[in-house]
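Peer 1: Input file: entry_5.cif. Contents: mmCIF, C-alpha atoms and all ligand atoms.
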```cif
data_model
loop_
_atom_site.label_atom_id
_atom_site.label_comp_id
_atom_site.auth_asym_id
_atom_site.auth_seq_id
_atom_site.Cartn_x
_atom_site.Cartn_y
_atom_site.Cartn_z
CA MET C 1 0.00 0.00 0.00
CA ASN C 2 1.52 3.35 -1.01
CA ARG C 3 1.32 6.54 1.03
CA ARG C 4 -1.59 7.90 -0.96
CA GLU C 5 -3.63 4.75 -0.31
CA ILE C 6 -2.78 4.83 3.39
CA VAL C 7 -3.81 8.47 3.63
CA LYS C 8 -7.06 7.66 1.85
CA LEU C 9 -7.73 4.74 4.19
CA LEU C 10 -7.22 6.95 7.19
CA GLY C 11 -9.61 9.51 5.81
CA LEU C 12 -6.97 12.22 5.71
CA GLY C 13 -7.13 12.73 1.97
CA GLY C 14 -9.85 15.34 1.81
CA LEU C 15 -10.81 18.30 3.91
CA SER C 16 -13.93 17.63 5.95
CA PHE C 17 -16.94 19.87 5.47
CA TYR C 18 -16.04 21.79 8.59
CA SER C 19 -12.26 21.96 8.17
CA LYS C 20 -12.39 25.17 6.23
CA PHE C 21 -13.92 26.80 9.28
CA GLY C 22 -11.28 25.37 11.61
CA TYR C 23 -7.58 26.06 11.64
CA SER C 24 -4.91 24.31 9.68
CA LYS C 25 -1.13 24.24 9.76
CA ASN C 26 0.73 27.35 8.67
CA LYS C 27 3.70 27.30 6.29
CA SER C 28 6.23 26.65 9.03
CA ASN C 29 4.16 23.59 9.94
CA LYS C 30 3.39 25.02 13.37
CA ILE C 31 -0.22 24.89 14.45
CA PRO C 32 -1.47 28.33 15.46
CA ILE C 33 -3.55 28.12 18.60
CA LYS C 34 -6.80 29.96 18.36
CA PRO C 35 -9.53 29.53 20.93
CA ILE C 36 -12.76 27.90 19.85
CA VAL C 37 -15.95 26.74 21.54
CA LEU C 38 -18.79 24.62 20.20
CA SER C 39 -21.92 23.22 21.75
CA THR C 40 -24.90 21.07 20.91
CA TRP C 41 -28.09 22.60 19.54
CA HIS C 42 -27.76 26.06 18.03
CA ASN C 43 -30.68 27.52 19.97
CA GLN C 44 -28.71 26.80 23.15
CA SER C 45 -25.31 27.68 21.67
CA ILE C 46 -26.56 31.12 20.76
CA LYS C 47 -27.01 31.85 24.48
CA ALA C 48 -24.25 29.72 26.02
CA ASN C 49 -21.33 30.13 23.60
CA PRO C 50 -20.98 33.94 23.97
CA ILE C 51 -20.38 33.53 27.71
CA ALA C 52 -17.79 30.84 27.06
CA TRP C 53 -16.27 32.92 24.27
CA GLN C 54 -15.95 35.97 26.52
CA ILE C 55 -13.77 33.88 28.86
CA LEU C 56 -11.72 32.34 26.06
CA SER C 57 -11.15 35.69 24.35
CA GLN C 58 -9.71 37.08 27.58
CA ASN C 59 -7.22 34.22 27.84
CA GLY C 60 -9.37 32.35 30.34
CA SER C 61 -9.22 28.59 30.61
CA ALA C 62 -11.29 26.21 28.52
CA LEU C 63 -12.50 24.70 31.80
CA ASP C 64 -13.92 28.01 33.06
CA ALA C 65 -15.37 28.66 29.62
CA VAL C 66 -17.33 25.41 29.40
CA GLU C 67 -18.54 25.55 32.99
CA ASN C 68 -19.80 29.12 32.69
CA GLY C 69 -21.13 28.49 29.19
CA VAL C 70 -23.41 25.59 30.03
CA GLN C 71 -24.53 27.30 33.23
CA VAL C 72 -26.44 29.75 31.03
CA CYS C 73 -28.76 26.88 30.09
CA GLU C 74 -28.92 25.53 33.63
CA ASN C 75 -30.07 28.98 34.79
CA ASP C 76 -32.72 29.33 32.08
CA ILE C 77 -36.03 28.41 33.70
CA ASN C 78 -37.59 28.07 30.24
CA ASN C 79 -35.11 25.43 29.07
CA CYS C 80 -37.10 22.20 28.76
CA CYS C 81 -34.16 19.89 29.09
CA VAL C 82 -31.38 21.41 31.20
CA GLY C 83 -31.50 22.75 34.77
CA LEU C 84 -34.34 23.05 37.27
CA GLY C 85 -36.84 24.44 34.76
CA ALA C 86 -36.67 21.20 32.78
CA TYR C 87 -39.28 18.50 32.32
CA PRO C 88 -39.53 16.02 35.20
CA ASP C 89 -39.36 12.25 35.38
CA ARG C 90 -42.55 10.19 35.37
CA ASP C 91 -42.95 10.71 39.13
CA GLY C 92 -42.76 14.49 38.81
CA PHE C 93 -39.18 15.02 40.00
CA VAL C 94 -36.59 17.03 38.06
CA THR C 95 -33.38 15.03 38.34
CA LEU C 96 -30.20 16.42 36.83
CA ASP C 97 -27.00 14.84 35.47
CA ALA C 98 -23.71 16.52 34.54
CA SER C 99 -20.05 15.84 33.86
CA ILE C 100 -16.92 17.88 33.31
CA MET C 101 -13.40 16.98 32.11
CA ASN C 102 -10.27 19.09 31.85
CA HIS C 103 -7.00 18.90 29.93
CA GLN C 104 -5.32 16.78 32.60
CA TYR C 105 -7.74 13.84 32.47
CA GLU C 106 -9.37 15.12 35.65
CA ILE C 107 -13.07 14.33 35.78
CA GLY C 108 -16.12 15.01 37.91
CA ALA C 109 -19.73 13.95 37.56
CA VAL C 110 -23.08 13.98 39.34
CA ALA C 111 -26.31 12.15 38.59
CA ALA C 112 -29.90 12.09 39.85
CA LEU C 113 -29.27 15.43 41.52
CA GLU C 114 -32.41 17.21 42.77
CA ARG C 115 -33.14 20.83 43.73
CA ILE C 116 -29.65 22.10 42.95
CA LYS C 117 -29.34 24.93 40.43
CA SER C 118 -25.97 24.08 38.90
CA PRO C 119 -25.15 20.40 38.44
CA ILE C 120 -22.13 21.35 36.32
CA HIS C 121 -20.64 23.35 39.17
CA THR C 122 -21.27 20.43 41.51
CA ALA C 123 -19.51 18.14 39.01
CA ARG C 124 -16.54 20.52 38.94
CA MET C 125 -16.42 20.55 42.73
CA VAL C 126 -16.47 16.72 42.73
CA MET C 127 -13.45 16.89 40.40
CA GLU C 128 -11.56 19.52 42.36
CA LYS C 129 -12.53 18.96 45.98
CA THR C 130 -13.02 15.23 46.45
CA PRO C 131 -10.97 12.08 45.94
CA HIS C 132 -13.88 10.72 43.84
CA VAL C 133 -15.15 11.26 40.31
CA PHE C 134 -18.88 10.49 40.45
CA ILE C 135 -21.44 11.23 43.20
CA VAL C 136 -25.17 10.60 42.84
CA GLY C 137 -28.56 11.27 44.43
CA LYS C 138 -28.82 12.52 47.99
CA GLY C 139 -25.05 12.34 48.45
CA ALA C 140 -24.57 14.66 45.49
CA GLN C 141 -27.21 17.04 46.85
CA ASP C 142 -25.58 17.08 50.30
CA PHE C 143 -22.21 17.74 48.69
CA ALA C 144 -23.61 20.61 46.58
CA LEU C 145 -25.13 22.20 49.70
CA ASN C 146 -21.86 21.73 51.52
CA GLN C 147 -20.13 23.54 48.65
CA GLY C 148 -22.39 26.57 49.01
CA GLN C 149 -25.31 25.98 46.67
CA ASN C 150 -28.87 26.39 47.97
CA LEU C 151 -31.70 23.90 48.23
CA GLU C 152 -34.11 25.18 45.57
CA SER C 153 -37.86 24.65 45.41
CA SER C 154 -39.11 21.30 44.13
CA ASP C 155 -41.95 23.08 42.24
CA LEU C 156 -41.97 22.49 38.51
CA SER C 157 -41.53 25.49 36.22
CA PRO C 158 -44.78 26.59 34.51
CA ASN C 159 -43.70 25.02 31.18
CA ALA C 160 -42.63 21.79 32.83
CA LEU C 161 -45.85 21.55 34.85
CA ASN C 162 -47.91 22.02 31.72
CA ALA C 163 -45.94 19.37 29.82
CA TYR C 164 -46.09 16.95 32.74
CA GLN C 165 -49.86 17.34 33.10
CA ASN C 166 -50.28 16.70 29.37
CA TRP C 167 -48.10 13.64 29.61
CA LEU C 168 -49.99 12.30 32.64
CA SER C 169 -53.33 12.72 30.88
CA LYS C 170 -52.19 10.26 28.22
CA SER C 171 -50.67 7.91 30.79
CA GLU C 172 -48.07 6.82 28.27
CA TYR C 173 -45.54 5.25 30.55
CA GLN C 174 -42.95 5.24 27.83
CA PRO C 175 -40.05 7.60 28.40
CA LYS C 176 -39.18 9.35 25.21
CA ILE C 177 -36.83 11.94 24.02
CA ASN C 178 -39.28 13.34 21.50
CA ILE C 179 -41.27 15.62 23.78
CA GLU C 180 -43.72 15.95 20.97
CA LYS C 181 -45.56 18.98 19.96
CA ASN C 182 -45.36 17.69 16.47
CA GLN C 183 -45.24 13.93 16.11
CA ASN C 184 -43.68 14.34 12.69
CA THR C 185 -40.51 15.86 14.06
CA PRO C 186 -37.58 13.49 14.34
CA PRO C 187 -36.67 12.32 17.85
CA ALA C 188 -34.62 15.02 19.58
CA ASN C 189 -34.58 18.08 17.40
CA GLU C 190 -33.86 21.75 17.93
CA PHE C 191 -37.19 22.26 19.72
CA ASN C 192 -36.94 19.28 22.02
CA HIS C 193 -33.19 18.81 22.43
CA ASP C 194 -32.15 17.00 25.56
CA THR C 195 -28.70 18.17 26.61
CA ILE C 196 -26.09 20.84 26.26
CA GLY C 197 -22.64 19.45 25.61
CA MET C 198 -19.88 22.01 25.16
CA ILE C 199 -16.21 21.52 24.21
CA ALA C 200 -13.56 24.22 23.93
CA MET C 201 -9.91 24.97 23.34
CA ASP C 202 -8.25 27.92 25.04
CA ALA C 203 -5.36 30.17 24.02
CA ASN C 204 -2.88 27.74 25.61
CA GLY C 205 -4.20 24.97 23.39
CA ASN C 206 -5.85 23.15 26.29
CA LEU C 207 -9.13 21.34 25.83
CA SER C 208 -12.03 20.90 28.26
CA GLY C 209 -15.64 19.79 28.06
CA ALA C 210 -18.89 19.98 30.00
CA CYS C 211 -22.22 18.22 29.59
CA THR C 212 -25.42 18.86 31.57
CA THR C 213 -29.00 17.67 31.24
CA SER C 214 -32.24 16.69 32.93
CA GLY C 215 -32.12 13.54 30.80
CA MET C 216 -35.10 12.08 29.01
CA ALA C 217 -38.39 13.70 29.87
CA PHE C 218 -40.69 11.39 31.84
CA LYS C 219 -37.93 8.85 32.37
CA MET C 220 -38.16 6.29 35.18
CA HIS C 221 -37.20 7.81 38.51
CA GLY C 222 -33.51 7.09 39.02
CA ARG C 223 -32.73 6.60 35.33
CA VAL C 224 -29.34 8.03 34.36
CA GLY C 225 -28.31 8.69 30.78
CA ASP C 226 -25.01 9.26 29.05
CA SER C 227 -24.36 12.89 29.99
CA PRO C 228 -22.71 12.28 33.38
CA VAL C 229 -20.93 9.12 32.23
CA ILE C 230 -17.39 10.04 31.28
CA GLY C 231 -16.55 8.37 27.97
CA ALA C 232 -20.22 8.25 26.97
CA GLY C 233 -21.63 11.80 27.05
CA LEU C 234 -18.23 13.50 27.20
CA TYR C 235 -14.57 12.76 26.71
CA VAL C 236 -11.47 14.93 26.47
CA ASP C 237 -7.95 13.80 25.64
CA ASN C 238 -5.77 16.86 25.53
CA ALA C 239 -3.31 15.16 23.20
CA ILE C 240 -6.02 14.35 20.65
CA GLY C 241 -9.35 16.12 20.95
CA ALA C 242 -12.71 16.29 22.68
CA ALA C 243 -16.21 15.03 21.96
CA THR C 244 -19.66 15.26 23.48
CA ALA C 245 -23.03 13.72 22.72
CA THR C 246 -26.72 14.48 22.65
CA GLY C 247 -29.68 12.18 22.15
CA HIS C 248 -30.63 8.76 23.45
CA GLY C 249 -28.26 8.22 26.32
CA GLU C 250 -28.74 4.46 26.42
CA GLU C 251 -27.28 4.16 22.92
CA VAL C 252 -24.38 6.49 23.68
CA ILE C 253 -23.53 4.52 26.83
CA ARG C 254 -23.74 1.24 24.87
CA THR C 255 -20.98 2.43 22.55
CA CYS C 256 -18.90 4.57 24.97
CA GLY C 257 -19.73 7.11 22.29
CA SER C 258 -17.61 10.18 23.07
CA PHE C 259 -14.58 8.04 23.92
CA LEU C 260 -15.09 6.23 20.63
CA VAL C 261 -15.12 9.52 18.72
CA VAL C 262 -11.87 10.62 20.39
CA GLU C 263 -10.29 7.24 19.68
CA TYR C 264 -11.24 7.56 16.00
CA MET C 265 -9.59 10.99 15.97
CA ARG C 266 -6.51 9.39 17.56
CA ARG C 267 -6.36 7.06 14.57
CA GLY C 268 -6.22 10.10 12.31
CA PHE C 269 -9.81 10.59 11.27
CA SER C 270 -11.20 14.11 11.01
CA PRO C 271 -13.68 15.18 13.73
CA GLU C 272 -16.59 14.81 11.30
CA LYS C 273 -15.52 11.36 10.13
CA ALA C 274 -14.89 10.25 13.73
CA CYS C 275 -18.43 11.32 14.69
CA LYS C 276 -19.84 9.57 11.63
CA LEU C 277 -18.08 6.30 12.49
CA ALA C 278 -19.44 6.43 16.04
CA VAL C 279 -22.98 7.05 14.75
CA GLU C 280 -22.58 4.13 12.33
CA ARG C 281 -21.55 1.92 15.24
CA ILE C 282 -24.73 2.91 17.10
CA LYS C 283 -26.88 2.17 14.07
CA GLN C 284 -25.15 -1.18 13.67
CA ILE C 285 -25.57 -2.45 17.23
CA THR C 286 -28.66 -0.78 18.67
CA PRO C 287 -31.40 -3.26 19.57
CA ARG C 288 -33.93 -0.52 18.76
CA ASP C 289 -35.25 0.64 15.42
CA PRO C 290 -32.59 3.25 14.50
CA LYS C 291 -35.36 5.41 13.02
CA SER C 292 -36.96 5.73 16.44
CA ILE C 293 -33.89 7.21 18.11
CA GLN C 294 -31.58 10.15 17.70
CA VAL C 295 -27.94 10.58 18.64
CA GLY C 296 -25.64 13.43 17.67
CA PHE C 297 -21.94 13.99 18.36
CA ILE C 298 -19.78 17.09 18.09
CA ALA C 299 -15.98 16.86 18.15
CA LEU C 300 -12.93 19.11 18.16
CA ASN C 301 -9.31 18.16 17.55
CA LYS C 302 -6.06 19.75 18.69
CA LYS C 303 -5.75 21.64 15.42
CA GLY C 304 -9.00 23.43 16.13
CA GLU C 305 -10.84 21.49 13.41
CA PHE C 306 -14.36 20.51 14.36
CA GLY C 307 -17.15 18.35 13.06
CA ALA C 308 -20.38 16.63 13.90
CA TYR C 309 -22.65 13.81 12.79
CA ALA C 310 -26.10 12.59 13.75
CA LEU C 311 -28.19 9.50 13.26
CA GLN C 312 -31.10 11.53 11.94
CA LYS C 313 -31.51 14.92 10.34
CA GLY C 314 -32.34 17.89 12.53
CA PHE C 315 -29.28 18.11 14.75
CA ASP C 316 -27.51 21.47 14.69
CA PHE C 317 -24.78 23.07 16.73
CA GLY C 318 -23.15 26.44 17.28
CA VAL C 319 -19.48 27.40 16.99
CA ASN C 320 -17.60 30.49 18.13
CA THR C 321 -14.13 31.44 16.95
CA ASN C 322 -15.01 35.09 17.54
CA ASP C 323 -18.02 37.01 18.88
CA GLU C 324 -20.37 35.47 16.34
CA THR C 325 -22.07 32.12 17.03
CA LYS C 326 -22.21 30.32 13.69
CA LYS C 327 -24.89 27.72 13.14
CA PHE C 328 -24.05 24.38 11.48
CA GLU C 329 -26.36 21.53 10.53
CA ALA C 330 -24.86 18.13 11.16
CA LEU C 331 -24.96 15.57 8.37
CA ALA C 332 -27.02 12.50 9.21
CA LEU C 333 -27.00 8.79 8.41
CA ILE C 334 -30.77 8.43 8.04
N1 LIG C 401 -28.51 12.49 26.37
C1 LIG C 401 -29.14 12.70 27.58
C2 LIG C 401 -29.78 11.53 28.16
O1 LIG C 401 -30.06 10.56 27.48
O2 LIG C 401 -30.04 11.55 29.35
#
```
Have the structure of the file written as structure tokens, please.
Peer 2:
Amino acid sequence: MNRREIVKLLGLGGLSFYSKFGYSKNKSNKIPIKPIVLSTWHNQSIKANPIAWQILSQNGSALDAVENGVQVCENDINNCCVGLGAYPDRDGFVTLDASIMNHQYEIGAVAALERIKSPIHTARMVMEKTPHVFIVGKGAQDFALNQGQNLESSDLSPNALNAYQNWLSKSEYQPKINIEKNQNTPPANEFNHDTIGMIAMDANGNLSGACTTSGMAFKMHGRVGDSPVIGAGLYVDNAIGAATATGHGEEVIRTCGSFLVVEYMRRGFSPEKACKLAVERIKQITPRDPKSIQVGFIALNKKGEFGAYALQKGFDFGVNTNDETKKFEALALI
């Protein structure tokens, strides 16, 4: 096999769709470091990325950027799927999951966290202030209170209460990610997204990521999805790149999805191709009808190139390399 064939096999032969928006090597073969942040679902990115970008543009760390960025969605009482305003589980409780990872393989996560405003901050405190990496339920709540957060009301937000009452009236005890208004929309789309995952590179070339969610609406009480599971909903390898996921958490956990994307980038695939290969793996092994589920990945490599791929159409994401949040539609398998 000659070099050209090897390059083709590795998928390095052509620029990915997104590469022209990323950064490539300069003539001296040095990679210029330029900060970048991207996050899942453009309608969230448009609010969250500017806060992250503000930090990155002032030489702040990628870790601070992603934490503060996703907190915008956690604080938004009208967000259906992130933070305390989100839709509850089938028993009427809002339970939150989050994970964070920095450039030194340090990780923190929380799951089934109730009545705490910022799960991502709690996850960061798990990472920085404990000898552990994952704390759940009442223990996570106690820890958050101990770290200075308040015990918030257990009342549902007006939107969540309305959605919950509608759901109860049908008594469909089937958790689903498609919080339908329109049954014709694909599962998990820009109007009923389920997570914000954000990955960033700072001016020092360091990568970090954060992922936070209320999980599937009307899930079983105690159900945990991919978002707080390091390697599933989020993974960062500062030598290679970062990835995060949105969509059906069970399928992302089954494939260690974000880790898989980063490992494909390690093998030399572009971020877009790495995401595509992970989505193909999900389609190949899921025991469900692939048309009934949605999964989307976004990824960023050390060169600042980024990409995304989804199982179904409808997944978009937002990217900042300056003050403007650019919207991109991910390509899809189905
Ligand atoms: N992707 C979020 C969840 O499945 O919980």
Peer 1: Step by step, measure atom-to-atom distances between ligand LIG 401 (chain C) and each residue using all atoms listed in the file, keep those at most 9 Å, then write them as number ranges by chain.
Peer 2: C: 81, 96-97, 177, 193-196, 212-217, 219, 223-228, 233, 245-253, 295
Peer 1: Provide the CA of Glu152 (chain C) to CA of Val72 (chain C) distance in Å, to one decimal place.
Peer 2: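 CA of Val72 (chain C) lies at a distance of 17.1 Å from CA of Glu152 (chain C).
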Peer 1: Report as a PyMOL selection string all protein, DNA and RNA residues lying within 9 Å of region 33-48 of chain C, evaluated on only C-alpha atoms, omitting residues in the same chain fewer than 4 positions from it.
Peer 2: chain C and resi 22-23+52-53+56-57+59+62+65-66+68-73+79+189-191+193+195-205+244-246+296-300+302-304+306+315-322+324-329
Peer 1: Mind giving me the straight-line distance from CA of Ala243 (chain C) to CA of Glu128 (chain C) in Å, one decimal?
Peer 2: 21.4 Å
Peer 1: Excluding Leu161 (chain C) and any residue of its chain fewer than 3 positions from it, enumerate the residues within 10 Å of it, using all atoms listed in the file, and give them as a list in words.
Peer 2: Gly85, Ala86, Tyr87, Pro88, Gly92, Asp155, Leu156, Ser157, Pro158, Tyr164, Gln165, Asn166 and Trp167 of chain C
Peer 1: I need the residues from that last selection saved to file as an mmCIF file, in the coordinates of the input (with C-alpha atoms), if you can.
Peer 2:
```cif
data_model
loop_
_atom_site.group_PDB
_atom_site.id
_atom_site.type_symbol
_atom_site.label_atom_id
_atom_site.label_comp_id
_atom_site.auth_asym_id
_atom_site.auth_seq_id
_atom_site.Cartn_x
_atom_site.Cartn_y
_atom_site.Cartn_z
ATOM 1 C CA GLY C 85 -36.840 24.440 34.760
ATOM 2 C CA ALA C 86 -36.670 21.200 32.780
ATOM 3 C CA TYR C 87 -39.280 18.500 32.320
ATOM 4 C CA PRO C 88 -39.530 16.020 35.200
ATOM 5 C CA GLY C 92 -42.760 14.490 38.810
ATOM 6 C CA ASP C 155 -41.950 23.080 42.240
ATOM 7 C CA LEU C 156 -41.970 22.490 38.510
ATOM 8 C CA SER C 157 -41.530 25.490 36.220
ATOM 9 C CA PRO C 158 -44.780 26.590 34.510
ATOM 10 C CA TYR C 164 -46.090 16.950 32.740
ATOM 11 C CA GLN C 165 -49.860 17.340 33.100
ATOM 12 C CA ASN C 166 -50.280 16.700 29.370
ATOM 13 C CA TRP C 167 -48.100 13.640 29.610
#
```
Peer 1: Expressed in Å to a single decimal, how great is the separation between CA of Ala140 (chain C) and CA of Asn238 (chain C)?
Peer 2: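 CA of Ala140 (chain C) sits 27.5 Å away from CA of Asn238 (chain C).
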Peer 1: Just want the 12 Å neighbourhood of Val126 (chain C), counted on only C-alpha atoms, with same-chain residues fewer than 4 positions away dropped. Output as a compact mmCIF listing (two decimals) with C-alpha atoms, in the coordinates of the input.
Peer 2:
```
# COMPACT_ATOMS: atom_id res chain seq x y z
CA ALA C 98 -23.71 16.52 34.54
CA SER C 99 -20.05 15.84 33.86
CA ILE C 100 -16.92 17.88 33.31
CA MET C 101 -13.40 16.98 32.11
CA GLU C 106 -9.37 15.12 35.65
CA ILE C 107 -13.07 14.33 35.78
CA GLY C 108 -16.12 15.01 37.91
CA ALA C 109 -19.73 13.95 37.56
CA VAL C 110 -23.08 13.98 39.34
CA ALA C 111 -26.31 12.15 38.59
CA PRO C 119 -25.15 20.40 38.44
CA ILE C 120 -22.13 21.35 36.32
CA HIS C 121 -20.64 23.35 39.17
CA THR C 122 -21.27 20.43 41.51
CA THR C 130 -13.02 15.23 46.45
CA PRO C 131 -10.97 12.08 45.94
CA HIS C 132 -13.88 10.72 43.84
CA VAL C 133 -15.15 11.26 40.31
CA PHE C 134 -18.88 10.49 40.45
CA ILE C 135 -21.44 11.23 43.20
CA VAL C 136 -25.17 10.60 42.84
CA GLY C 139 -25.05 12.34 48.45
CA ALA C 140 -24.57 14.66 45.49
CA GLN C 141 -27.21 17.04 46.85
CA ASP C 142 -25.58 17.08 50.30
CA PHE C 143 -22.21 17.74 48.69
CA ALA C 144 -23.61 20.61 46.58
CA ASN C 146 -21.86 21.73 51.52
CA GLN C 147 -20.13 23.54 48.65
```
Peer 1: Have a look at C:Gln54, C:Ser154, C:Glu280, C:Phe259 and name the one nearest to Thr95 (chain C); count all atoms listed in the file.
Peer 2: C:Ser154
Peer 1: Pick out the closest residue to Met265 (chain C) from this set: C:Val279, C:Cys211, C:Leu63, C:Ile240. Count all atoms listed in the file.
Peer 2: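 Of C:Val279, C:Cys211, C:Leu63, C:Ile240, the one nearest Met265 (chain C) is C:Ile240, counting all atoms listed in the file.
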Peer 1: Give me, as a list of chain:residue names, all polymer residues having an atom no more than 9 Å from region 309-311 of chain C, counting all atoms listed in the file and skipping those fewer than 6 positions away in the same chain.
Peer 2: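 So the residues in contact are C:Glu272, C:Lys273, C:Ala274, C:Cys275, C:Lys276, C:Leu277, C:Ala278, C:Val279, C:Glu280, C:Ile282, C:Lys283, C:Pro290, C:Lys291, C:Ile293, C:Gln294, C:Val295, C:Gly296, C:Phe297, C:Ile298, C:Glu329, C:Ala330, C:Leu331, C:Ala332, C:Leu333, C:Ile334.
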Peer 1: Have a look at C:Leu234, C:Glu114, C:Arg254, C:Ser153 and name the one nearest to Pro287 (chain C); count all atoms listed in the file.
Peer 2: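 Among the listed residues, C:Arg254 lies closest to Pro287 (chain C).
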Peer 1: Return the single residue from C:Gln312, C:Asn301, C:Ser208, C:Ser61 that is closest to Tyr264 (chain C), with distances computed using all atoms listed in the file.
Peer 2: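 Smallest distance to Tyr264 (chain C) is found for C:Asn301.
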Peer 1: Point out the residue among C:Gly307, C:Asn49, C:Asp76, C:Ser292 with the least atom-to-atom distance to Val262 (chain C), counting all atoms listed in the file.
Peer 2: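 Ranked by minimum distance to Val262 (chain C), first place goes to C:Gly307.
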